[in-house]
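Data first, discussion second: the structure below is written as structure tokens.
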Amino acid sequence: MTVLLQADDVARVLRRLAHELVEREEGAERLLLLGIQTRGVPLAERLAVLVSDIEGIDVPVGSLDVTLYRDDLQRRGPLPLGETRVPVEVDGRTVVLVDDVLHTGRTIRAALDAVLELGRPAAVRLVVLVDRGHRELPIRADHVGKNLPTSFGQHVRVRLVEVDGEDAVVTEEVA
């Protein structure tokens with residue numbers, strides 16, 4: 001196991017991502033942050049606090065479970081369902097999908113389907129903590145915390161205090 005980011009690195013990356021997001025959107029008035037279950041949710045909550053600190057307004061944040069929209073549901077079998085919580089209407093807002101790791105792009109494709117079922121956003125943006133490459137679909141993040149080119153024999157694990165008791169990003173070799 002190799003530690004790529006420690007707690008202070010994760011905090012620094014999230015601060016940068018919050019500033020990038022505010023700059024690109026020219027403010028935060030129309031933002032809605034949706035964290036993709038599981039680790040995208042605490043990342044979205046942290047980003048919402050940081051953006052609120054920058055802009056001085058509350059930014060709505062929710063959670064999105066994409067399980068039923070996955071294209072591999074038949075192969076994987078039943079999966080536990082997480083919570084989808086959207087605190088405001090998506091119509092006319094810039095919906096910011098937040099996830100921990102961008103890999104093949106299939107989770108994000110499922111998230112797009114889920115969001116579009118909720119309404120018609122003005123735009124959808126993607127923020128990821130880590131982009132590890134190996135895309136299978138033409139999906140690219142708008143804001144990336146860290147690009148970590150990996151081999152197929154590696155897994156990238158994001159650990160967050162809210163879920164795992166610590167903040168870190170590590171790679172592990174697949175046996």
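Order determines the names: the first chain of the structure tokens is A, the second B, and so forth; residues in each chain are numbered 1 upward, and ligands are numbered 1 upward as they are shown.
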Query raised in the report: Would you give me, as number ranges by chain, the residues in chain A that DSSP reads as helix (DSSP H, G or I)?
Result: A: 7-25, 40-55, 67-69, 73-76, 106-118, 161-164
Query raised in the report: If you count only C-alpha atoms, which residues fall within 8 Å of Gly62 of chain A, apart from same-chain ones fewer than 6 positions away, as a list of chain:residue names?
Result: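 So, after excluding close chain neighbours, the residues are A:Leu32, A:Leu33, A:Leu34, A:Gly35, A:Val41, A:Ala44, A:Glu45, A:Thr84, A:Arg85, A:Val86, A:Pro87.
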Keeping only N, CA and C atoms, write the selected residues to a file as a PDB file, in the first residue's frame.
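Dumped everything to result_29.pdb:
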ATOM      1  N   LEU A  32     -26.022  23.502  -6.871  1.00  0.00           N
ATOM      2  CA  LEU A  32     -26.546  22.401  -6.070  1.00  0.00           C
ATOM      3  C   LEU A  32     -25.494  21.305  -6.119  1.00  0.00           C
ATOM      4  N   LEU A  33     -24.916  20.984  -4.969  1.00  0.00           N
ATOM      5  CA  LEU A  33     -23.907  19.931  -4.904  1.00  0.00           C
ATOM      6  C   LEU A  33     -24.573  18.610  -4.540  1.00  0.00           C
ATOM      7  N   LEU A  34     -24.324  17.572  -5.348  1.00  0.00           N
ATOM      8  CA  LEU A  34     -24.849  16.241  -5.082  1.00  0.00           C
ATOM      9  C   LEU A  34     -23.694  15.260  -4.983  1.00  0.00           C
ATOM     10  N   GLY A  35     -23.505  14.718  -3.794  1.00  0.00           N
ATOM     11  CA  GLY A  35     -22.463  13.728  -3.587  1.00  0.00           C
ATOM     12  C   GLY A  35     -22.961  12.357  -3.982  1.00  0.00           C
ATOM     13  N   VAL A  41     -20.549  11.851  -0.875  1.00  0.00           N
ATOM     14  CA  VAL A  41     -21.448  12.637  -0.017  1.00  0.00           C
ATOM     15  C   VAL A  41     -20.661  13.494   0.977  1.00  0.00           C
ATOM     16  N   ALA A  44     -18.918  16.267  -0.903  1.00  0.00           N
ATOM     17  CA  ALA A  44     -19.838  17.337  -1.300  1.00  0.00           C
ATOM     18  C   ALA A  44     -20.178  18.227  -0.108  1.00  0.00           C
ATOM     19  N   GLU A  45     -20.385  17.620   1.049  1.00  0.00           N
ATOM     20  CA  GLU A  45     -20.692  18.402   2.246  1.00  0.00           C
ATOM     21  C   GLU A  45     -19.522  19.315   2.617  1.00  0.00           C
ATOM     22  N   THR A  84     -30.972   8.866  -1.661  1.00  0.00           N
ATOM     23  CA  THR A  84     -30.955   9.996  -2.568  1.00  0.00           C
ATOM     24  C   THR A  84     -31.731  11.102  -1.886  1.00  0.00           C
ATOM     25  N   ARG A  85     -31.050  12.222  -1.676  1.00  0.00           N
ATOM     26  CA  ARG A  85     -31.654  13.372  -0.995  1.00  0.00           C
ATOM     27  C   ARG A  85     -31.297  14.618  -1.789  1.00  0.00           C
ATOM     28  N   VAL A  86     -32.308  15.260  -2.342  1.00  0.00           N
ATOM     29  CA  VAL A  86     -32.099  16.462  -3.141  1.00  0.00           C
ATOM     30  C   VAL A  86     -32.909  17.579  -2.480  1.00  0.00           C
ATOM     31  N   PRO A  87     -32.237  18.517  -1.811  1.00  0.00           N
ATOM     32  CA  PRO A  87     -32.935  19.497  -0.970  1.00  0.00           C
ATOM     33  C   PRO A  87     -33.661  20.611  -1.726  1.00  0.00           C
TER      34      PRO A  87
END
**Report entry** Nearby residues (only C-alpha atoms) at most 8 Å from Gly82 of chain A, same-chain spacing under 2 positions excluded, as a VMD selection string
**Finding:** chain A and resid 37 to 38 64 to 65 67 80 84
Please, could you write that set of residues out with all heavy atoms as a compact mmCIF listing (two decimals), in the first residue's frame?
# COMPACT_ATOMS: atom_id res chain seq x y z
N GLN A 37 -23.09 8.52 -3.57
CA GLN A 37 -22.87 7.58 -2.47
C GLN A 37 -21.67 6.69 -2.78
O GLN A 37 -21.52 6.27 -3.91
CB GLN A 37 -24.10 6.69 -2.26
CG GLN A 37 -25.32 7.41 -1.76
CD GLN A 37 -25.26 7.72 -0.29
OE1 GLN A 37 -24.30 7.41 0.41
NE2 GLN A 37 -26.27 8.39 0.20
N THR A 38 -20.78 6.44 -1.93
CA THR A 38 -20.77 6.70 -0.51
C THR A 38 -19.86 7.88 -0.19
O THR A 38 -20.27 8.82 0.50
CB THR A 38 -20.27 5.44 0.23
OG1 THR A 38 -21.19 4.38 0.04
CG2 THR A 38 -20.12 5.68 1.71
N LEU A 64 -26.80 11.33 -3.82
CA LEU A 64 -27.34 10.65 -4.98
C LEU A 64 -26.89 9.20 -4.94
O LEU A 64 -25.70 8.91 -4.89
CB LEU A 64 -26.81 11.33 -6.25
CG LEU A 64 -27.51 11.05 -7.56
CD1 LEU A 64 -28.97 11.50 -7.52
CD2 LEU A 64 -26.78 11.77 -8.69
N ASP A 65 -27.87 8.29 -4.94
CA ASP A 65 -27.56 6.87 -5.04
C ASP A 65 -27.83 6.44 -6.47
O ASP A 65 -28.95 6.60 -6.96
CB ASP A 65 -28.43 6.05 -4.08
CG ASP A 65 -28.17 4.56 -4.20
OD1 ASP A 65 -27.04 4.18 -4.56
OD2 ASP A 65 -29.09 3.78 -3.95
N THR A 67 -27.31 3.31 -7.73
CA THR A 67 -27.36 1.85 -7.83
C THR A 67 -28.31 1.37 -8.91
O THR A 67 -27.95 0.54 -9.74
CB THR A 67 -27.76 1.23 -6.47
OG1 THR A 67 -26.81 1.63 -5.49
CG2 THR A 67 -27.80 -0.28 -6.54
N PRO A 80 -27.00 -3.03 -1.83
CA PRO A 80 -27.77 -2.21 -0.88
C PRO A 80 -27.99 -0.82 -1.46
O PRO A 80 -27.13 -0.27 -2.14
CB PRO A 80 -26.86 -2.17 0.35
CG PRO A 80 -25.51 -2.50 -0.15
CD PRO A 80 -25.67 -3.36 -1.36
N THR A 84 -30.97 8.87 -1.66
CA THR A 84 -30.96 10.00 -2.57
C THR A 84 -31.73 11.10 -1.89
O THR A 84 -32.88 10.92 -1.51
CB THR A 84 -31.60 9.65 -3.93
OG1 THR A 84 -30.75 8.72 -4.61
CG2 THR A 84 -31.76 10.90 -4.79
Would you mind listing what lies within 8 Å of Val156 of chain A as a PDB file with N, CA, C and O atoms, in the first residue's frame, with only C-alpha atoms counted and same-chain residues fewer than 6 positions away left out?
ATOM      1  N   VAL A 101     -13.498   8.947  -6.704  1.00  0.00           N
ATOM      2  CA  VAL A 101     -12.564   8.479  -7.728  1.00  0.00           C
ATOM      3  C   VAL A 101     -13.286   8.369  -9.061  1.00  0.00           C
ATOM      4  O   VAL A 101     -14.362   7.765  -9.143  1.00  0.00           O
ATOM      5  N   ARG A 132      -8.154   8.547 -11.871  1.00  0.00           N
ATOM      6  CA  ARG A 132      -7.138   7.515 -12.031  1.00  0.00           C
ATOM      7  C   ARG A 132      -6.991   7.017 -13.466  1.00  0.00           C
ATOM      8  O   ARG A 132      -6.197   6.134 -13.749  1.00  0.00           O
ATOM      9  N   VAL A 169      -5.561   9.100   0.729  1.00  0.00           N
ATOM     10  CA  VAL A 169      -5.739   8.417  -0.559  1.00  0.00           C
ATOM     11  C   VAL A 169      -4.562   7.475  -0.709  1.00  0.00           C
ATOM     12  O   VAL A 169      -3.414   7.881  -0.578  1.00  0.00           O
ATOM     13  N   VAL A 170      -4.877   6.195  -0.962  1.00  0.00           N
ATOM     14  CA  VAL A 170      -3.841   5.171  -1.057  1.00  0.00           C
ATOM     15  C   VAL A 170      -4.074   4.345  -2.316  1.00  0.00           C
ATOM     16  O   VAL A 170      -5.179   4.266  -2.839  1.00  0.00           O
ATOM     17  N   THR A 171      -2.982   3.732  -2.775  1.00  0.00           N
ATOM     18  CA  THR A 171      -3.110   2.718  -3.841  1.00  0.00           C
ATOM     19  C   THR A 171      -2.748   1.383  -3.247  1.00  0.00           C
ATOM     20  O   THR A 171      -1.897   1.286  -2.350  1.00  0.00           O
ATOM     21  N   GLU A 172      -3.413   0.358  -3.753  1.00  0.00           N
ATOM     22  CA  GLU A 172      -3.153  -1.016  -3.340  1.00  0.00           C
ATOM     23  C   GLU A 172      -2.998  -1.864  -4.584  1.00  0.00           C
ATOM     24  O   GLU A 172      -3.731  -1.679  -5.562  1.00  0.00           O
TER      25      GLU A 172
END
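When only C-alpha atoms are used to compute distances to Gly27 of chain A, the closest of the residues A:Thr104, A:Ser52, A:Ser151, A:Thr2 turns out to be A:Ser52.
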**Report entry** strand (DSSP E or B) positions in segment 7-175 of chain A, given as a ChimeraX atom specification
**Finding:** /A:31-36,61-64,85,94-102,123-131,143-147,154-159,168-173
Keeping only C-alpha atoms, write the selected residues as a PDB file, in the first residue's frame.
ATOM      1  CA  LEU A  31     -25.242  25.719  -7.355  1.00  0.00           C
ATOM      2  CA  LEU A  32     -26.546  22.401  -6.070  1.00  0.00           C
ATOM      3  CA  LEU A  33     -23.907  19.931  -4.904  1.00  0.00           C
ATOM      4  CA  LEU A  34     -24.849  16.241  -5.082  1.00  0.00           C
ATOM      5  CA  GLY A  35     -22.463  13.728  -3.587  1.00  0.00           C
ATOM      6  CA  ILE A  36     -22.488  10.271  -5.132  1.00  0.00           C
ATOM      7  CA  VAL A  61     -26.011  19.849  -0.794  1.00  0.00           C
ATOM      8  CA  GLY A  62     -27.581  16.439  -1.184  1.00  0.00           C
ATOM      9  CA  SER A  63     -26.812  12.820  -1.925  1.00  0.00           C
ATOM     10  CA  LEU A  64     -27.338  10.647  -4.976  1.00  0.00           C
ATOM     11  CA  ARG A  85     -31.654  13.372  -0.995  1.00  0.00           C
ATOM     12  CA  THR A  94     -25.935  24.064 -11.987  1.00  0.00           C
ATOM     13  CA  VAL A  95     -25.808  20.585 -10.513  1.00  0.00           C
ATOM     14  CA  VAL A  96     -22.337  19.636  -9.344  1.00  0.00           C
ATOM     15  CA  LEU A  97     -21.798  15.888  -9.078  1.00  0.00           C
ATOM     16  CA  VAL A  98     -19.112  15.085  -6.502  1.00  0.00           C
ATOM     17  CA  ASP A  99     -17.332  11.727  -6.329  1.00  0.00           C
ATOM     18  CA  ASP A 100     -14.171  10.355  -4.797  1.00  0.00           C
ATOM     19  CA  VAL A 101     -12.564   8.479  -7.728  1.00  0.00           C
ATOM     20  CA  LEU A 102     -13.184   8.765 -11.461  1.00  0.00           C
ATOM     21  CA  ALA A 123     -25.721  22.540 -16.466  1.00  0.00           C
ATOM     22  CA  VAL A 124     -24.117  19.530 -14.840  1.00  0.00           C
ATOM     23  CA  ARG A 125     -20.517  19.692 -13.650  1.00  0.00           C
ATOM     24  CA  LEU A 126     -18.286  16.959 -12.243  1.00  0.00           C
ATOM     25  CA  VAL A 127     -15.843  17.347  -9.355  1.00  0.00           C
ATOM     26  CA  VAL A 128     -13.682  14.378  -8.351  1.00  0.00           C
ATOM     27  CA  LEU A 129     -11.010  14.078  -5.704  1.00  0.00           C
ATOM     28  CA  VAL A 130      -8.976  11.605  -7.813  1.00  0.00           C
ATOM     29  CA  ASP A 131      -8.918  10.822 -11.537  1.00  0.00           C
ATOM     30  CA  HIS A 143     -12.521  19.825 -11.650  1.00  0.00           C
ATOM     31  CA  VAL A 144      -9.976  17.233 -10.516  1.00  0.00           C
ATOM     32  CA  GLY A 145      -8.227  17.228  -7.176  1.00  0.00           C
ATOM     33  CA  LYS A 146      -5.389  14.945  -8.229  1.00  0.00           C
ATOM     34  CA  ASN A 147      -4.629  13.043 -11.434  1.00  0.00           C
ATOM     35  CA  GLN A 154      -3.862  -1.092  -8.776  1.00  0.00           C
ATOM     36  CA  HIS A 155      -6.854   0.087  -6.798  1.00  0.00           C
ATOM     37  CA  VAL A 156      -7.177   3.640  -5.550  1.00  0.00           C
ATOM     38  CA  ARG A 157      -8.826   3.897  -2.145  1.00  0.00           C
ATOM     39  CA  VAL A 158     -10.085   7.171  -0.757  1.00  0.00           C
ATOM     40  CA  ARG A 159     -10.508   7.147   2.997  1.00  0.00           C
ATOM     41  CA  ALA A 168      -6.070   9.623   3.015  1.00  0.00           C
ATOM     42  CA  VAL A 169      -5.739   8.417  -0.559  1.00  0.00           C
ATOM     43  CA  VAL A 170      -3.841   5.171  -1.057  1.00  0.00           C
ATOM     44  CA  THR A 171      -3.110   2.718  -3.841  1.00  0.00           C
ATOM     45  CA  GLU A 172      -3.153  -1.016  -3.340  1.00  0.00           C
ATOM     46  CA  GLU A 173      -1.894  -3.706  -5.650  1.00  0.00           C
TER      47      GLU A 173
END
Query - Neighbour list for Gly92 of chain A as a VMD selection string, cut-off 7 Å, only C-alpha atoms, skip fewer than 6 positions in-chain - result: chain A and resid 120 to 122
Since we have the selection now, will you write its residues out, keeping all heavy atoms, as an mmCIF file, in the first residue's frame?
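Full text of again21.cif as output:
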data_model
loop_
_atom_site.group_PDB
_atom_site.id
_atom_site.type_symbol
_atom_site.label_atom_id
_atom_site.label_comp_id
_atom_site.auth_asym_id
_atom_site.auth_seq_id
_atom_site.Cartn_x
_atom_site.Cartn_y
_atom_site.Cartn_z
ATOM 1 N N ARG A 120 -34.515 19.272 -15.078
ATOM 2 C CA ARG A 120 -33.681 19.790 -16.167
ATOM 3 C C ARG A 120 -32.746 20.878 -15.642
ATOM 4 O O ARG A 120 -33.118 22.053 -15.579
ATOM 5 C CB ARG A 120 -34.556 20.348 -17.276
ATOM 6 C CG ARG A 120 -33.777 20.656 -18.530
ATOM 7 C CD ARG A 120 -34.719 21.007 -19.671
ATOM 8 N NE ARG A 120 -34.058 20.920 -20.946
ATOM 9 C CZ ARG A 120 -33.251 21.846 -21.457
ATOM 10 N NH1 ARG A 120 -32.993 22.928 -20.757
ATOM 11 N NH2 ARG A 120 -32.701 21.687 -22.645
ATOM 12 N N PRO A 121 -31.527 20.465 -15.246
ATOM 13 C CA PRO A 121 -30.578 21.467 -14.751
ATOM 14 C C PRO A 121 -30.080 22.364 -15.887
ATOM 15 O O PRO A 121 -30.106 21.976 -17.058
ATOM 16 C CB PRO A 121 -29.432 20.622 -14.196
ATOM 17 C CG PRO A 121 -29.566 19.292 -14.842
ATOM 18 C CD PRO A 121 -30.995 19.111 -15.225
ATOM 19 N N ALA A 122 -29.630 23.551 -15.520
ATOM 20 C CA ALA A 122 -29.023 24.449 -16.498
ATOM 21 C C ALA A 122 -27.713 23.853 -17.010
ATOM 22 O O ALA A 122 -27.371 24.001 -18.183
ATOM 23 C CB ALA A 122 -28.774 25.817 -15.875
#
Requested in this report: For each of A:Arg30, A:Arg70, A:Arg16, A:Arg39, take the minimum atom-to-atom distance to Asp58 of chain A, counting only C-alpha atoms, then give the residue where this is smallest.
Outcome: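 So, comparing all the options, the nearest one is A:Arg30.
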**Report entry** Residues near Leu14 of chain A, cut-off 9 Å, only C-alpha atoms, skip fewer than 4 positions along chain, as a list in words
**Finding:**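 These residues fall inside the cut-off: Asp9, Val10, Ala18, His19, Leu43, Arg46, Leu47, Leu50, Leu129 and Gly145 of chain A.
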Since we have the selection now, will you write its residues out, keeping N, CA and C atoms, as a short mmCIF file (atom, residue, chain, number, x, y, z; two decimals), in the first residue's frame?
data_model
loop_
_atom_site.label_atom_id
_atom_site.label_comp_id
_atom_site.auth_asym_id
_atom_site.auth_seq_id
_atom_site.Cartn_x
_atom_site.Cartn_y
_atom_site.Cartn_z
N ASP A 9 -3.19 17.08 2.78
CA ASP A 9 -3.25 17.17 1.32
C ASP A 9 -4.70 17.17 0.84
N VAL A 10 -5.53 16.31 1.43
CA VAL A 10 -6.94 16.24 1.06
C VAL A 10 -7.61 17.58 1.35
N ALA A 18 -12.89 24.09 -4.29
CA ALA A 18 -13.96 25.04 -3.96
C ALA A 18 -13.73 26.37 -4.66
N HIS A 19 -12.50 26.86 -4.64
CA HIS A 19 -12.18 28.12 -5.32
C HIS A 19 -12.36 27.99 -6.83
N LEU A 43 -17.61 14.41 0.76
CA LEU A 43 -16.83 15.37 -0.03
C LEU A 43 -17.70 16.54 -0.47
N ARG A 46 -18.31 18.80 2.52
CA ARG A 46 -17.14 19.64 2.82
C ARG A 46 -17.00 20.77 1.80
N LEU A 47 -17.20 20.44 0.52
CA LEU A 47 -17.12 21.47 -0.52
C LEU A 47 -18.18 22.55 -0.30
N LEU A 50 -16.96 24.92 2.28
CA LEU A 50 -15.88 25.76 1.76
C LEU A 50 -16.40 26.82 0.80
N LEU A 129 -12.23 13.93 -6.48
CA LEU A 129 -11.01 14.08 -5.70
C LEU A 129 -9.83 13.49 -6.48
N GLY A 145 -9.14 16.96 -8.27
CA GLY A 145 -8.23 17.23 -7.18
C GLY A 145 -6.83 16.75 -7.48
#
